[in-house]
>>> print(open('protein_7.pdb').read())   # PDB, C-alpha atoms and all ligand atoms
MODEL        1
ATOM      1  CA  MET H   1      28.794 -48.623  47.703
ATOM      2  CA  SER H   2      28.577 -45.150  46.144
ATOM      3  CA  ARG H   3      31.079 -43.577  43.728
ATOM      4  CA  PHE H   4      32.496 -41.128  46.299
ATOM      5  CA  ASP H   5      32.299 -43.071  49.567
ATOM      6  CA  SER H   6      35.219 -41.987  51.786
ATOM      7  CA  LYS H   7      36.237 -39.224  49.332
ATOM      8  CA  VAL H   8      36.743 -35.606  50.387
ATOM      9  CA  VAL H   9      35.791 -32.832  47.957
ATOM     10  CA  ILE H  10      36.327 -29.068  48.037
ATOM     11  CA  MET H  11      33.812 -27.102  45.965
ATOM     12  CA  THR H  12      34.607 -23.401  45.535
ATOM     13  CA  GLY H  13      31.698 -21.137  44.656
ATOM     14  CA  GLY H  14      29.577 -23.878  46.201
ATOM     15  CA  GLY H  15      26.959 -21.532  47.603
ATOM     16  CA  SER H  16      24.974 -21.113  44.373
ATOM     17  CA  GLY H  17      24.251 -22.438  40.893
ATOM     18  CA  ILE H  18      26.468 -25.146  39.434
ATOM     19  CA  GLY H  19      28.685 -25.433  42.535
ATOM     20  CA  ALA H  20      25.720 -25.863  44.879
ATOM     21  CA  ASP H  21      24.206 -28.570  42.677
ATOM     22  CA  ALA H  22      27.524 -30.424  42.306
ATOM     23  CA  ALA H  23      28.224 -30.177  46.065
ATOM     24  CA  ARG H  24      24.833 -31.746  46.867
ATOM     25  CA  ARG H  25      25.361 -34.483  44.285
ATOM     26  CA  PHE H  26      28.862 -35.344  45.564
ATOM     27  CA  ALA H  27      27.451 -35.586  49.095
ATOM     28  CA  ALA H  28      24.523 -37.720  47.911
ATOM     29  CA  GLU H  29      27.075 -40.138  46.419
ATOM     30  CA  GLY H  30      28.978 -40.463  49.689
ATOM     31  CA  ALA H  31      31.570 -37.647  49.631
ATOM     32  CA  LYS H  32      32.385 -35.338  52.525
ATOM     33  CA  VAL H  33      32.160 -31.880  50.998
ATOM     34  CA  ALA H  34      33.764 -28.553  51.947
ATOM     35  CA  VAL H  35      31.446 -25.920  50.493
ATOM     36  CA  ALA H  36      33.486 -22.730  50.068
ATOM     37  CA  ASP H  37      32.055 -19.418  48.961
ATOM     38  CA  VAL H  38      32.762 -15.734  49.479
ATOM     39  CA  ASN H  39      29.060 -15.690  50.390
ATOM     40  CA  LEU H  40      29.224 -17.716  53.622
ATOM     41  CA  GLU H  41      25.448 -17.606  54.054
ATOM     42  CA  GLY H  42      24.989 -19.264  50.641
ATOM     43  CA  ALA H  43      27.578 -21.924  51.511
ATOM     44  CA  GLN H  44      25.931 -22.564  54.890
ATOM     45  CA  GLY H  45      22.523 -22.983  53.209
ATOM     46  CA  VAL H  46      23.955 -25.684  50.928
ATOM     47  CA  VAL H  47      25.665 -27.383  53.877
ATOM     48  CA  ASP H  48      22.369 -27.360  55.823
ATOM     49  CA  SER H  49      20.551 -28.993  52.893
ATOM     50  CA  ILE H  50      23.282 -31.651  52.584
ATOM     51  CA  ARG H  51      23.161 -32.423  56.309
ATOM     52  CA  GLY H  52      19.348 -32.433  56.200
ATOM     53  CA  ALA H  53      19.573 -35.182  53.572
ATOM     54  CA  GLY H  54      21.955 -37.202  55.781
ATOM     55  CA  GLY H  55      25.212 -36.126  54.110
ATOM     56  CA  LYS H  56      28.436 -34.675  55.478
ATOM     57  CA  ALA H  57      29.523 -31.127  54.697
ATOM     58  CA  ILE H  58      31.203 -28.082  56.183
ATOM     59  CA  ALA H  59      30.980 -24.431  55.114
ATOM     60  CA  PHE H  60      33.883 -22.034  54.580
ATOM     61  CA  GLY H  61      33.668 -18.308  53.858
ATOM     62  CA  THR H  62      36.448 -18.188  51.265
ATOM     63  CA  ASN H  63      37.501 -15.571  48.751
ATOM     64  CA  VAL H  64      39.349 -17.690  46.171
ATOM     65  CA  ALA H  65      41.514 -14.730  45.145
ATOM     66  CA  ASP H  66      43.027 -14.575  48.650
ATOM     67  CA  GLU H  67      45.876 -17.069  49.136
ATOM     68  CA  ASP H  68      45.620 -17.093  52.939
ATOM     69  CA  ALA H  69      41.921 -17.937  52.670
ATOM     70  CA  ILE H  70      42.683 -20.820  50.287
ATOM     71  CA  ILE H  71      45.347 -22.175  52.647
ATOM     72  CA  GLU H  72      42.811 -22.015  55.492
ATOM     73  CA  LEU H  73      40.243 -23.810  53.306
ATOM     74  CA  VAL H  74      42.551 -26.648  52.268
ATOM     75  CA  GLU H  75      44.099 -27.149  55.723
ATOM     76  CA  GLY H  76      40.687 -26.821  57.426
ATOM     77  CA  THR H  77      39.187 -29.437  55.099
ATOM     78  CA  VAL H  78      42.015 -31.929  55.647
ATOM     79  CA  GLU H  79      41.721 -31.394  59.400
ATOM     80  CA  ALA H  80      37.915 -31.741  59.464
ATOM     81  CA  PHE H  81      37.622 -34.732  57.116
ATOM     82  CA  GLY H  82      41.034 -36.411  57.374
ATOM     83  CA  GLY H  83      42.098 -35.993  53.744
ATOM     84  CA  LEU H  84      41.453 -34.469  50.342
ATOM     85  CA  ASP H  85      40.703 -36.164  47.016
ATOM     86  CA  VAL H  86      39.075 -33.595  44.715
ATOM     87  CA  ILE H  87      39.028 -29.819  44.345
ATOM     88  CA  VAL H  88      36.582 -28.168  41.981
ATOM     89  CA  ASN H  89      37.716 -24.624  41.164
ATOM     90  CA  ASN H  90      34.237 -23.415  40.295
ATOM     91  CA  ALA H  91      33.974 -19.908  41.803
ATOM     92  CA  GLY H  92      33.500 -17.301  39.105
ATOM     93  CA  VAL H  93      32.155 -13.849  38.382
ATOM     94  CA  GLY H  94      30.857 -12.252  35.193
ATOM     95  CA  GLU H  95      31.418  -8.696  34.023
ATOM     96  CA  ASP H  96      29.436  -5.685  32.859
ATOM     97  CA  PRO H  97      29.562  -4.987  29.124
ATOM     98  CA  THR H  98      31.438  -1.697  29.575
ATOM     99  CA  PRO H  99      33.147  -0.586  26.326
ATOM    100  CA  ILE H 100      36.798  -1.596  26.395
ATOM    101  CA  ASP H 101      38.032   1.985  26.110
ATOM    102  CA  GLU H 102      36.115   2.864  29.281
ATOM    103  CA  ARG H 103      36.856  -0.282  31.263
ATOM    104  CA  SER H 104      38.772   0.232  34.515
ATOM    105  CA  LEU H 105      41.880  -1.745  35.368
ATOM    106  CA  SER H 106      40.314  -2.743  38.708
ATOM    107  CA  ASP H 107      37.244  -4.264  36.962
ATOM    108  CA  TRP H 108      39.526  -6.204  34.611
ATOM    109  CA  GLN H 109      41.725  -7.335  37.508
ATOM    110  CA  LYS H 110      38.819  -8.562  39.639
ATOM    111  CA  VAL H 111      37.522 -10.857  36.889
ATOM    112  CA  ILE H 112      41.018 -12.264  36.254
ATOM    113  CA  ASP H 113      41.701 -12.637  39.997
ATOM    114  CA  VAL H 114      38.564 -14.669  40.721
ATOM    115  CA  ASN H 115      38.206 -16.690  37.497
ATOM    116  CA  LEU H 116      41.862 -17.450  36.731
ATOM    117  CA  THR H 117      44.110 -16.690  39.722
ATOM    118  CA  GLY H 118      41.538 -18.300  42.046
ATOM    119  CA  ALA H 119      41.908 -21.581  40.140
ATOM    120  CA  PHE H 120      45.724 -21.331  40.332
ATOM    121  CA  LEU H 121      45.570 -20.858  44.118
ATOM    122  CA  GLY H 122      43.116 -23.740  44.534
ATOM    123  CA  ALA H 123      45.243 -26.045  42.362
ATOM    124  CA  LYS H 124      48.470 -24.996  44.098
ATOM    125  CA  HIS H 125      47.322 -25.749  47.625
ATOM    126  CA  ALA H 126      45.318 -28.837  46.701
ATOM    127  CA  ALA H 127      48.388 -30.235  44.899
ATOM    128  CA  LYS H 128      50.481 -29.568  48.011
ATOM    129  CA  ALA H 129      47.935 -31.504  50.105
ATOM    130  CA  PHE H 130      47.637 -34.389  47.583
ATOM    131  CA  LYS H 131      51.435 -34.806  47.555
ATOM    132  CA  ALA H 132      51.694 -34.662  51.360
ATOM    133  CA  LEU H 133      48.851 -37.181  51.741
ATOM    134  CA  GLU H 134      50.226 -39.320  48.864
ATOM    135  CA  ARG H 135      46.745 -39.440  47.350
ATOM    136  CA  PRO H 136      45.915 -39.444  43.616
ATOM    137  CA  GLY H 137      43.912 -36.240  43.651
ATOM    138  CA  VAL H 138      41.788 -34.628  40.974
ATOM    139  CA  ILE H 139      41.694 -30.908  40.115
ATOM    140  CA  ILE H 140      38.678 -29.779  38.083
ATOM    141  CA  ASN H 141      38.584 -26.244  36.698
ATOM    142  CA  VAL H 142      35.226 -24.785  35.645
ATOM    143  CA  ALA H 143      35.914 -22.786  32.478
ATOM    144  CA  SER H 144      33.276 -21.864  29.872
ATOM    145  CA  ILE H 145      32.502 -21.934  26.170
ATOM    146  CA  LEU H 146      34.086 -18.477  26.485
ATOM    147  CA  GLY H 147      37.337 -20.367  26.980
ATOM    148  CA  VAL H 148      36.920 -21.491  23.353
ATOM    149  CA  VAL H 149      35.086 -18.643  21.582
ATOM    150  CA  GLY H 150      34.748 -14.924  22.313
ATOM    151  CA  PHE H 151      31.771 -12.936  23.581
ATOM    152  CA  LYS H 152      31.159  -9.268  22.890
ATOM    153  CA  GLY H 153      31.307  -7.228  26.089
ATOM    154  CA  ALA H 154      33.168  -9.856  28.132
ATOM    155  CA  PRO H 155      36.896  -9.441  27.356
ATOM    156  CA  ALA H 156      38.237 -10.166  30.845
ATOM    157  CA  TYR H 157      35.938 -13.167  31.402
ATOM    158  CA  THR H 158      36.825 -14.522  27.944
ATOM    159  CA  ALA H 159      40.549 -14.005  28.604
ATOM    160  CA  ALA H 160      40.344 -15.648  32.041
ATOM    161  CA  LYS H 161      38.453 -18.683  30.733
ATOM    162  CA  HIS H 162      40.793 -19.095  27.730
ATOM    163  CA  GLY H 163      43.646 -18.893  30.245
ATOM    164  CA  LEU H 164      42.090 -21.651  32.346
ATOM    165  CA  LEU H 165      42.245 -24.102  29.423
ATOM    166  CA  GLY H 166      46.002 -23.563  29.069
ATOM    167  CA  PHE H 167      46.528 -23.648  32.825
ATOM    168  CA  THR H 168      44.642 -26.955  32.997
ATOM    169  CA  LYS H 169      46.863 -28.546  30.322
ATOM    170  CA  ALA H 170      50.141 -27.359  31.877
ATOM    171  CA  THR H 171      49.052 -28.410  35.378
ATOM    172  CA  ALA H 172      47.990 -31.846  34.102
ATOM    173  CA  LEU H 173      51.410 -32.377  32.510
ATOM    174  CA  GLU H 174      53.273 -31.343  35.643
ATOM    175  CA  LEU H 175      51.224 -33.396  38.095
ATOM    176  CA  ALA H 176      50.725 -36.573  36.029
ATOM    177  CA  GLU H 177      53.816 -38.235  37.504
ATOM    178  CA  PHE H 178      52.271 -37.861  40.985
ATOM    179  CA  GLY H 179      49.061 -39.577  39.862
ATOM    180  CA  ILE H 180      47.201 -36.271  40.124
ATOM    181  CA  ARG H 181      44.772 -35.475  37.290
ATOM    182  CA  CYS H 182      43.746 -31.992  36.149
ATOM    183  CA  VAL H 183      40.789 -31.471  33.798
ATOM    184  CA  GLY H 184      38.259 -28.775  33.001
ATOM    185  CA  VAL H 185      34.640 -28.322  31.974
ATOM    186  CA  SER H 186      33.352 -25.672  29.572
ATOM    187  CA  PRO H 187      29.618 -25.073  29.921
ATOM    188  CA  ALA H 188      27.475 -22.982  27.583
ATOM    189  CA  PHE H 189      24.828 -20.766  29.220
ATOM    190  CA  ILE H 190      23.466 -22.503  32.306
ATOM    191  CA  ARG H 191      20.352 -21.368  34.175
ATOM    192  CA  THR H 192      21.913 -19.905  37.360
ATOM    193  CA  PRO H 193      21.959 -16.463  39.023
ATOM    194  CA  LEU H 194      25.093 -15.644  36.974
ATOM    195  CA  ILE H 195      23.056 -15.171  33.786
ATOM    196  CA  GLU H 196      19.888 -13.694  35.321
ATOM    197  CA  GLY H 197      18.210 -11.398  32.794
ATOM    198  CA  MET H 198      20.197 -12.795  29.809
ATOM    199  CA  GLU H 199      18.206 -16.018  29.329
ATOM    200  CA  ASP H 200      16.001 -14.949  26.402
ATOM    201  CA  ALA H 201      18.864 -13.294  24.537
ATOM    202  CA  VAL H 202      21.226 -16.285  24.707
ATOM    203  CA  LEU H 203      18.711 -19.125  24.284
ATOM    204  CA  PRO H 204      18.839 -19.048  20.431
ATOM    205  CA  LEU H 205      22.617 -19.577  20.561
ATOM    206  CA  HIS H 206      22.014 -23.170  21.723
ATOM    207  CA  PRO H 207      21.127 -25.528  18.819
ATOM    208  CA  ILE H 208      19.696 -28.055  21.264
ATOM    209  CA  GLY H 209      16.838 -25.609  21.916
ATOM    210  CA  ARG H 210      17.244 -25.015  25.646
ATOM    211  CA  LEU H 211      19.637 -23.503  28.150
ATOM    212  CA  GLY H 212      21.744 -25.802  30.281
ATOM    213  CA  GLU H 213      20.729 -26.706  33.822
ATOM    214  CA  PRO H 214      23.251 -27.028  36.691
ATOM    215  CA  LYS H 215      22.722 -30.807  36.579
ATOM    216  CA  ASP H 216      24.045 -30.927  32.984
ATOM    217  CA  VAL H 217      27.374 -29.617  34.272
ATOM    218  CA  SER H 218      27.507 -31.508  37.560
ATOM    219  CA  ASP H 219      26.904 -34.806  35.712
ATOM    220  CA  LEU H 220      30.172 -34.127  33.863
ATOM    221  CA  ILE H 221      32.019 -32.855  36.947
ATOM    222  CA  LEU H 222      31.120 -35.988  38.929
ATOM    223  CA  PHE H 223      32.140 -38.250  36.060
ATOM    224  CA  LEU H 224      35.507 -36.465  35.718
ATOM    225  CA  ALA H 225      36.106 -36.766  39.475
ATOM    226  CA  SER H 226      35.296 -40.482  39.487
ATOM    227  CA  ASP H 227      37.536 -43.501  38.927
ATOM    228  CA  GLU H 228      35.767 -44.058  35.578
ATOM    229  CA  ALA H 229      37.755 -41.045  34.305
ATOM    230  CA  SER H 230      41.158 -42.304  35.492
ATOM    231  CA  PHE H 231      42.710 -41.988  31.985
ATOM    232  CA  LEU H 232      41.503 -38.408  31.494
ATOM    233  CA  THR H 233      43.893 -35.561  32.229
ATOM    234  CA  GLY H 234      44.659 -32.300  30.425
ATOM    235  CA  PRO H 235      41.581 -31.453  28.347
ATOM    236  CA  THR H 236      38.652 -29.205  29.146
ATOM    237  CA  TYR H 237      35.397 -30.854  28.106
ATOM    238  CA  LEU H 238      32.545 -28.944  26.488
ATOM    239  CA  VAL H 239      28.994 -29.288  27.804
ATOM    240  CA  ASP H 240      27.300 -26.815  25.506
ATOM    241  CA  GLY H 241      24.151 -28.005  23.718
ATOM    242  CA  GLY H 242      25.926 -27.545  20.378
ATOM    243  CA  TYR H 243      26.914 -23.895  21.007
ATOM    244  CA  THR H 244      30.470 -24.245  19.679
ATOM    245  CA  ALA H 245      29.614 -26.766  16.930
ATOM    246  CA  GLN H 246      28.248 -23.933  14.764
TER     247      GLN H 246
HETATM  248  N1  LIG V 301      25.912 -19.996  34.333
HETATM  249  C1  LIG V 301      26.535 -20.031  33.182
HETATM  250  O1  LIG V 301      25.948 -19.753  32.137
HETATM  251  C2  LIG V 301      27.992 -20.427  33.104
HETATM  252  C3  LIG V 301      28.508 -20.735  31.830
HETATM  253  C4  LIG V 301      29.840 -21.100  31.733
HETATM  254  C5  LIG V 301      30.639 -21.149  32.854
HETATM  255  N2  LIG V 301      30.109 -20.840  34.063
HETATM  256  C6  LIG V 301      31.009 -20.889  35.193
HETATM  257  O2  LIG V 301      30.479 -21.751  36.164
HETATM  258  C7  LIG V 301      30.961 -21.363  37.450
HETATM  259  C8  LIG V 301      29.787 -21.293  38.424
HETATM  260  O3  LIG V 301      28.915 -20.278  37.972
HETATM  261  P1  LIG V 301      27.341 -20.278  38.257
HETATM  262  O4  LIG V 301      26.686 -20.132  36.941
HETATM  263  O5  LIG V 301      26.978 -21.407  39.126
HETATM  264  O6  LIG V 301      27.217 -18.873  38.979
HETATM  265  P2  LIG V 301      26.605 -18.441  40.393
HETATM  266  O7  LIG V 301      26.714 -16.955  40.393
HETATM  267  O8  LIG V 301      25.288 -19.086  40.616
HETATM  268  O9  LIG V 301      27.641 -19.066  41.423
HETATM  269  C9  LIG V 301      28.953 -18.587  41.537
HETATM  270  C10 LIG V 301      29.338 -18.633  42.994
HETATM  271  O10 LIG V 301      30.699 -18.175  43.097
HETATM  272  C11 LIG V 301      30.791 -17.368  44.250
HETATM  273  N3  LIG V 301      31.925 -16.470  44.149
HETATM  274  C12 LIG V 301      32.060 -15.331  43.426
HETATM  275  N4  LIG V 301      33.240 -14.763  43.645
HETATM  276  C13 LIG V 301      33.888 -15.552  44.546
HETATM  277  C14 LIG V 301      35.152 -15.479  45.166
HETATM  278  N5  LIG V 301      36.004 -14.461  44.951
HETATM  279  N6  LIG V 301      35.504 -16.472  46.028
HETATM  280  C15 LIG V 301      34.643 -17.488  46.299
HETATM  281  N7  LIG V 301      33.417 -17.593  45.751
HETATM  282  C16 LIG V 301      33.052 -16.639  44.868
HETATM  283  C17 LIG V 301      29.464 -16.614  44.302
HETATM  284  O11 LIG V 301      29.208 -16.085  45.606
HETATM  285  C18 LIG V 301      28.485 -17.688  43.882
HETATM  286  O12 LIG V 301      27.972 -18.393  44.997
HETATM  287  C19 LIG V 301      31.694 -20.038  37.253
HETATM  288  O13 LIG V 301      33.083 -20.274  37.171
HETATM  289  C20 LIG V 301      31.175 -19.560  35.917
HETATM  290  O14 LIG V 301      32.078 -18.709  35.266
HETATM  291  C21 LIG V 301      28.802 -20.491  34.227
ENDMDL
END
>>> encode(input="protein_7.pdb", output="structure tokens")
Amino acid sequence: MSRFDSKVVIMTGGGSGIGADAARRFAAEGAKVAVADVNLEGAQGVVDSIRGAGGKAIAFGTNVADEDAIIELVEGTVEAFGGLDVIVNNAGVGEDPTPIDERSLSDWQKVIDVNLTGAFLGAKHAAKAFKALERPGVIINVASILGVVGFKGAPAYTAAKHGLLGFTKATALELAEFGIRCVGVSPAFIRTPLIEGMEDAVLPLHPIGRLGEPKDVSDLILFLASDEASFLTGPTYLVDGGYTAQ
């Protein structure tokens, strides 16, 4: 018996990095996984690797900032796998370090739309499904250490991730009476395509002496999604190699 036998998981941004690793690990522990990504090819590659290892998964080409696409994702997952137990709102984008007085409104908006509004849309439609199915679902929002501290050159990303921590608390309070939990994770710099080219510059910011690996974050995500975490709702948990302890 594995931790996620008979569970159904939606992983947004599942085509790369942390989401891809967590999707594979959920499937390896018995879950049926909907791998959603704006990059359908990336999502399909992860689904192929899950199926190749004997797991169950389905790919969706989903832009998390588009409500119709999220509705299609949630309804399509319930239809394909007969339920829904966990959504991980993991899709995210970074931003260029353009000076704030030169930054365009559309650049700002895109980062907020994907990193913050995308999590709202995922939580909204997952909560609707959990209530309809009368299942004690779990919503996990992937924030960042930049939800706790600032970072020069990343005002929209920092604002979106700070916003996610508040959103996670308020959502947890509202959904607790339905048995639905909402928690977050805040990773430091993790070796994925998102930080390509920044590795050497940010390494010294981590007292533990290394960057994070996707597995460091998916270990926490899987724990938070599991029954072992049934008393945890509201907080966003740091996984940061000491970054914010300084
Ligand atoms: N890598 C890090 O250092 C780090 C640190 C803290 C937090 N995070 C967060 O972790 C999450 C995963 O990041 P990652 O490091 O694995 O990055 P990644 O770039 O490897 O993966 C992100 C995935 O999200 C997808 N995506 C982007 N916009 C999307 C959209 N509108 N709709 C659906 N999918 C979309 C991308 O196609 C990509 O597959 C993000 O929320 C990121 O902000 C990453």
>>> residues_near_ligand(input="protein_7.pdb", ligand="ligand LIG 301 (chain V)", cutoff="8 Å", atoms="all atoms listed in the file", output="mmCIF file with C-alpha atoms, in the coordinates of the input")
data_model
loop_
_atom_site.group_PDB
_atom_site.id
_atom_site.type_symbol
_atom_site.label_atom_id
_atom_site.label_comp_id
_atom_site.auth_asym_id
_atom_site.auth_seq_id
_atom_site.Cartn_x
_atom_site.Cartn_y
_atom_site.Cartn_z
ATOM 1 C CA THR H 12 34.607 -23.401 45.535
ATOM 2 C CA GLY H 13 31.698 -21.137 44.656
ATOM 3 C CA GLY H 14 29.577 -23.878 46.201
ATOM 4 C CA GLY H 15 26.959 -21.532 47.603
ATOM 5 C CA SER H 16 24.974 -21.113 44.373
ATOM 6 C CA GLY H 17 24.251 -22.438 40.893
ATOM 7 C CA ILE H 18 26.468 -25.146 39.434
ATOM 8 C CA GLY H 19 28.685 -25.433 42.535
ATOM 9 C CA ALA H 20 25.720 -25.863 44.879
ATOM 10 C CA ALA H 36 33.486 -22.730 50.068
ATOM 11 C CA ASP H 37 32.055 -19.418 48.961
ATOM 12 C CA VAL H 38 32.762 -15.734 49.479
ATOM 13 C CA ASN H 39 29.060 -15.690 50.390
ATOM 14 C CA GLY H 42 24.989 -19.264 50.641
ATOM 15 C CA ALA H 43 27.578 -21.924 51.511
ATOM 16 C CA GLY H 61 33.668 -18.308 53.858
ATOM 17 C CA THR H 62 36.448 -18.188 51.265
ATOM 18 C CA ASN H 63 37.501 -15.571 48.751
ATOM 19 C CA VAL H 64 39.349 -17.690 46.171
ATOM 20 C CA ALA H 65 41.514 -14.730 45.145
ATOM 21 C CA ASP H 66 43.027 -14.575 48.650
ATOM 22 C CA ASN H 89 37.716 -24.624 41.164
ATOM 23 C CA ASN H 90 34.237 -23.415 40.295
ATOM 24 C CA ALA H 91 33.974 -19.908 41.803
ATOM 25 C CA GLY H 92 33.500 -17.301 39.105
ATOM 26 C CA VAL H 93 32.155 -13.849 38.382
ATOM 27 C CA GLY H 94 30.857 -12.252 35.193
ATOM 28 C CA ASP H 113 41.701 -12.637 39.997
ATOM 29 C CA VAL H 114 38.564 -14.669 40.721
ATOM 30 C CA ASN H 115 38.206 -16.690 37.497
ATOM 31 C CA GLY H 118 41.538 -18.300 42.046
ATOM 32 C CA VAL H 142 35.226 -24.785 35.645
ATOM 33 C CA ALA H 143 35.914 -22.786 32.478
ATOM 34 C CA SER H 144 33.276 -21.864 29.872
ATOM 35 C CA ILE H 145 32.502 -21.934 26.170
ATOM 36 C CA LEU H 146 34.086 -18.477 26.485
ATOM 37 C CA TYR H 157 35.938 -13.167 31.402
ATOM 38 C CA LYS H 161 38.453 -18.683 30.733
ATOM 39 C CA SER H 186 33.352 -25.672 29.572
ATOM 40 C CA PRO H 187 29.618 -25.073 29.921
ATOM 41 C CA ALA H 188 27.475 -22.982 27.583
ATOM 42 C CA PHE H 189 24.828 -20.766 29.220
ATOM 43 C CA ILE H 190 23.466 -22.503 32.306
ATOM 44 C CA ARG H 191 20.352 -21.368 34.175
ATOM 45 C CA THR H 192 21.913 -19.905 37.360
ATOM 46 C CA PRO H 193 21.959 -16.463 39.023
ATOM 47 C CA LEU H 194 25.093 -15.644 36.974
ATOM 48 C CA ILE H 195 23.056 -15.171 33.786
ATOM 49 C CA GLY H 212 21.744 -25.802 30.281
ATOM 50 C CA PRO H 214 23.251 -27.028 36.691
#
>>> resolve_selection(input="protein_7.pdb", expression="the PyMOL selection byres (((chain H and resi 96) around 8) and not hetatm)", output="tab-separated table (two decimals) with C-alpha atoms, in the coordinates of the input")
chain	number	residue	atom	x	y	z
H	94	GLY	CA	30.86	-12.25	35.19
H	95	GLU	CA	31.42	-8.70	34.02
H	97	PRO	CA	29.56	-4.99	29.12
H	98	THR	CA	31.44	-1.70	29.58
H	153	GLY	CA	31.31	-7.23	26.09
H	154	ALA	CA	33.17	-9.86	28.13
>>> atom_distance(input="protein_7.pdb", atom1="atom CA of Met1 of chain H", atom2="atom CA of Leu224 of chain H")
18.3 Å
>>> residues_near_point(input="protein_7.pdb", point="(39.8, -41.0, 49.9)", cutoff="6 Å", atoms="all atoms listed in the file", output="ChimeraX atom specification")
/H:6-7,85
>>> resolve_selection(input="protein_7.pdb", expression="the PyMOL selection byres (((chain H and resi 210) around 12) and not hetatm)", output="PyMOL selection string")
chain H and resi 188-191+199-209+211-213+216+240-243
>>> resolve_selection(input="protein_7.pdb", expression="the PyMOL selection byres (((chain H and resi 139) around 7) and not hetatm)", output="PDB file with C-alpha atoms, in the coordinates of the input")
ATOM      1  CA  VAL H  86      39.075 -33.595  44.715  1.00  0.00           C
ATOM      2  CA  ILE H  87      39.028 -29.819  44.345  1.00  0.00           C
ATOM      3  CA  VAL H  88      36.582 -28.168  41.981  1.00  0.00           C
ATOM      4  CA  ALA H 123      45.243 -26.045  42.362  1.00  0.00           C
ATOM      5  CA  GLY H 137      43.912 -36.240  43.651  1.00  0.00           C
ATOM      6  CA  VAL H 138      41.788 -34.628  40.974  1.00  0.00           C
ATOM      7  CA  ILE H 140      38.678 -29.779  38.083  1.00  0.00           C
ATOM      8  CA  ASN H 141      38.584 -26.244  36.698  1.00  0.00           C
ATOM      9  CA  ARG H 181      44.772 -35.475  37.290  1.00  0.00           C
ATOM     10  CA  CYS H 182      43.746 -31.992  36.149  1.00  0.00           C
ATOM     11  CA  VAL H 183      40.789 -31.471  33.798  1.00  0.00           C
TER      12      VAL H 183
END
>>> axis_aligned_box(input="protein_7.pdb", around="segment 77-94 of chain H", padding_each_side="3 Å", output="lines of an AutoDock Vina configuration file")
center_x = 36.5
center_y = -24.3
center_z = 47.3
size_x = 17.2
size_y = 30.2
size_z = 30.3
>>> residues_around(input="protein_7.pdb", residues="Lys131 of chain H", least_positions_apart="4", cutoff="10 Å", atoms="all atoms listed in the file", output="count of residues only")
10
>>> atom_distance(input="protein_7.pdb", atom1="atom CA of Met11 of chain H", atom2="atom CA of Ala34 of chain H")
6.2 Å
>>> atom_distance(input="protein_7.pdb", atom1="atom CA of Phe81 of chain H", atom2="atom CA of Glu41 of chain H")
21.2 Å
>>> closest_residue(input="protein_7.pdb", among="H:Gly234, H:Gly76, H:Gly82, H:Gly163", to="Leu116 of chain H", atoms="all atoms listed in the file")
H:Gly163
>>> closest_residue(input="protein_7.pdb", among="H:Ile10, H:Val148, H:Ser2, H:Ala160", to="Gln109 of chain H", atoms="all atoms listed in the file")
H:Ala160
>>> closest_residue(input="protein_7.pdb", among="H:Gly45, H:Gly52, H:Gly166, H:Gly83", to="Val8 of chain H", atoms="all atoms listed in the file")
H:Gly83
>>> closest_residue(input="protein_7.pdb", among="H:Leu121, H:Ile112, H:Leu232, H:Lys56", to="Ala159 of chain H", atoms="all atoms listed in the file")
H:Ile112
>>> residues_near_point(input="protein_7.pdb", point="(37.4, -31.0, 27.1)", cutoff="7 Å", atoms="all atoms listed in the file", output="PyMOL selection string")
chain H and resi 184-185+235-238
>>> closest_residue(input="protein_7.pdb", among="H:Glu174, H:Val149, H:Leu220, H:Ser104", to="His162 of chain H", atoms="all atoms listed in the file")
H:Val149
>>> closest_residue(input="protein_7.pdb", among="H:Asp68, H:Val74, H:Ala27, H:Thr117", to="Arg51 of chain H", atoms="only C-alpha atoms")
H:Ala27
>>> decode(input="protein_7.pdb", residues="segment 136-141 of chain H", atoms="N, CA, C and O atoms", output="tab-separated table (two decimals), in the first residue's frame")
chain	number	residue	atom	x	y	z
H	136	PRO	N	-12.17	15.28	1.22
H	136	PRO	CA	-11.31	16.19	1.98
H	136	PRO	C	-10.06	16.52	1.16
H	136	PRO	O	-9.02	15.89	1.34
H	137	GLY	N	-10.16	17.48	0.30
H	137	GLY	CA	-9.06	17.78	-0.61
H	137	GLY	C	-7.93	18.56	0.04
H	137	GLY	O	-8.06	19.07	1.16
H	138	VAL	N	-6.84	18.66	-0.70
H	138	VAL	CA	-5.68	19.43	-0.26
H	138	VAL	C	-5.26	20.37	-1.39
H	138	VAL	O	-5.12	19.94	-2.53
H	139	ILE	N	-5.06	21.64	-1.04
H	139	ILE	CA	-4.56	22.65	-1.99
H	139	ILE	C	-3.16	23.04	-1.52
H	139	ILE	O	-2.99	23.45	-0.37
H	140	ILE	N	-2.18	22.88	-2.40
H	140	ILE	CA	-0.80	23.25	-2.05
H	140	ILE	C	-0.33	24.33	-3.02
H	140	ILE	O	-0.32	24.13	-4.24
H	141	ASN	N	0.05	25.47	-2.46
H	141	ASN	CA	0.53	26.58	-3.28
H	141	ASN	C	2.05	26.66	-3.20
H	141	ASN	O	2.62	26.68	-2.10
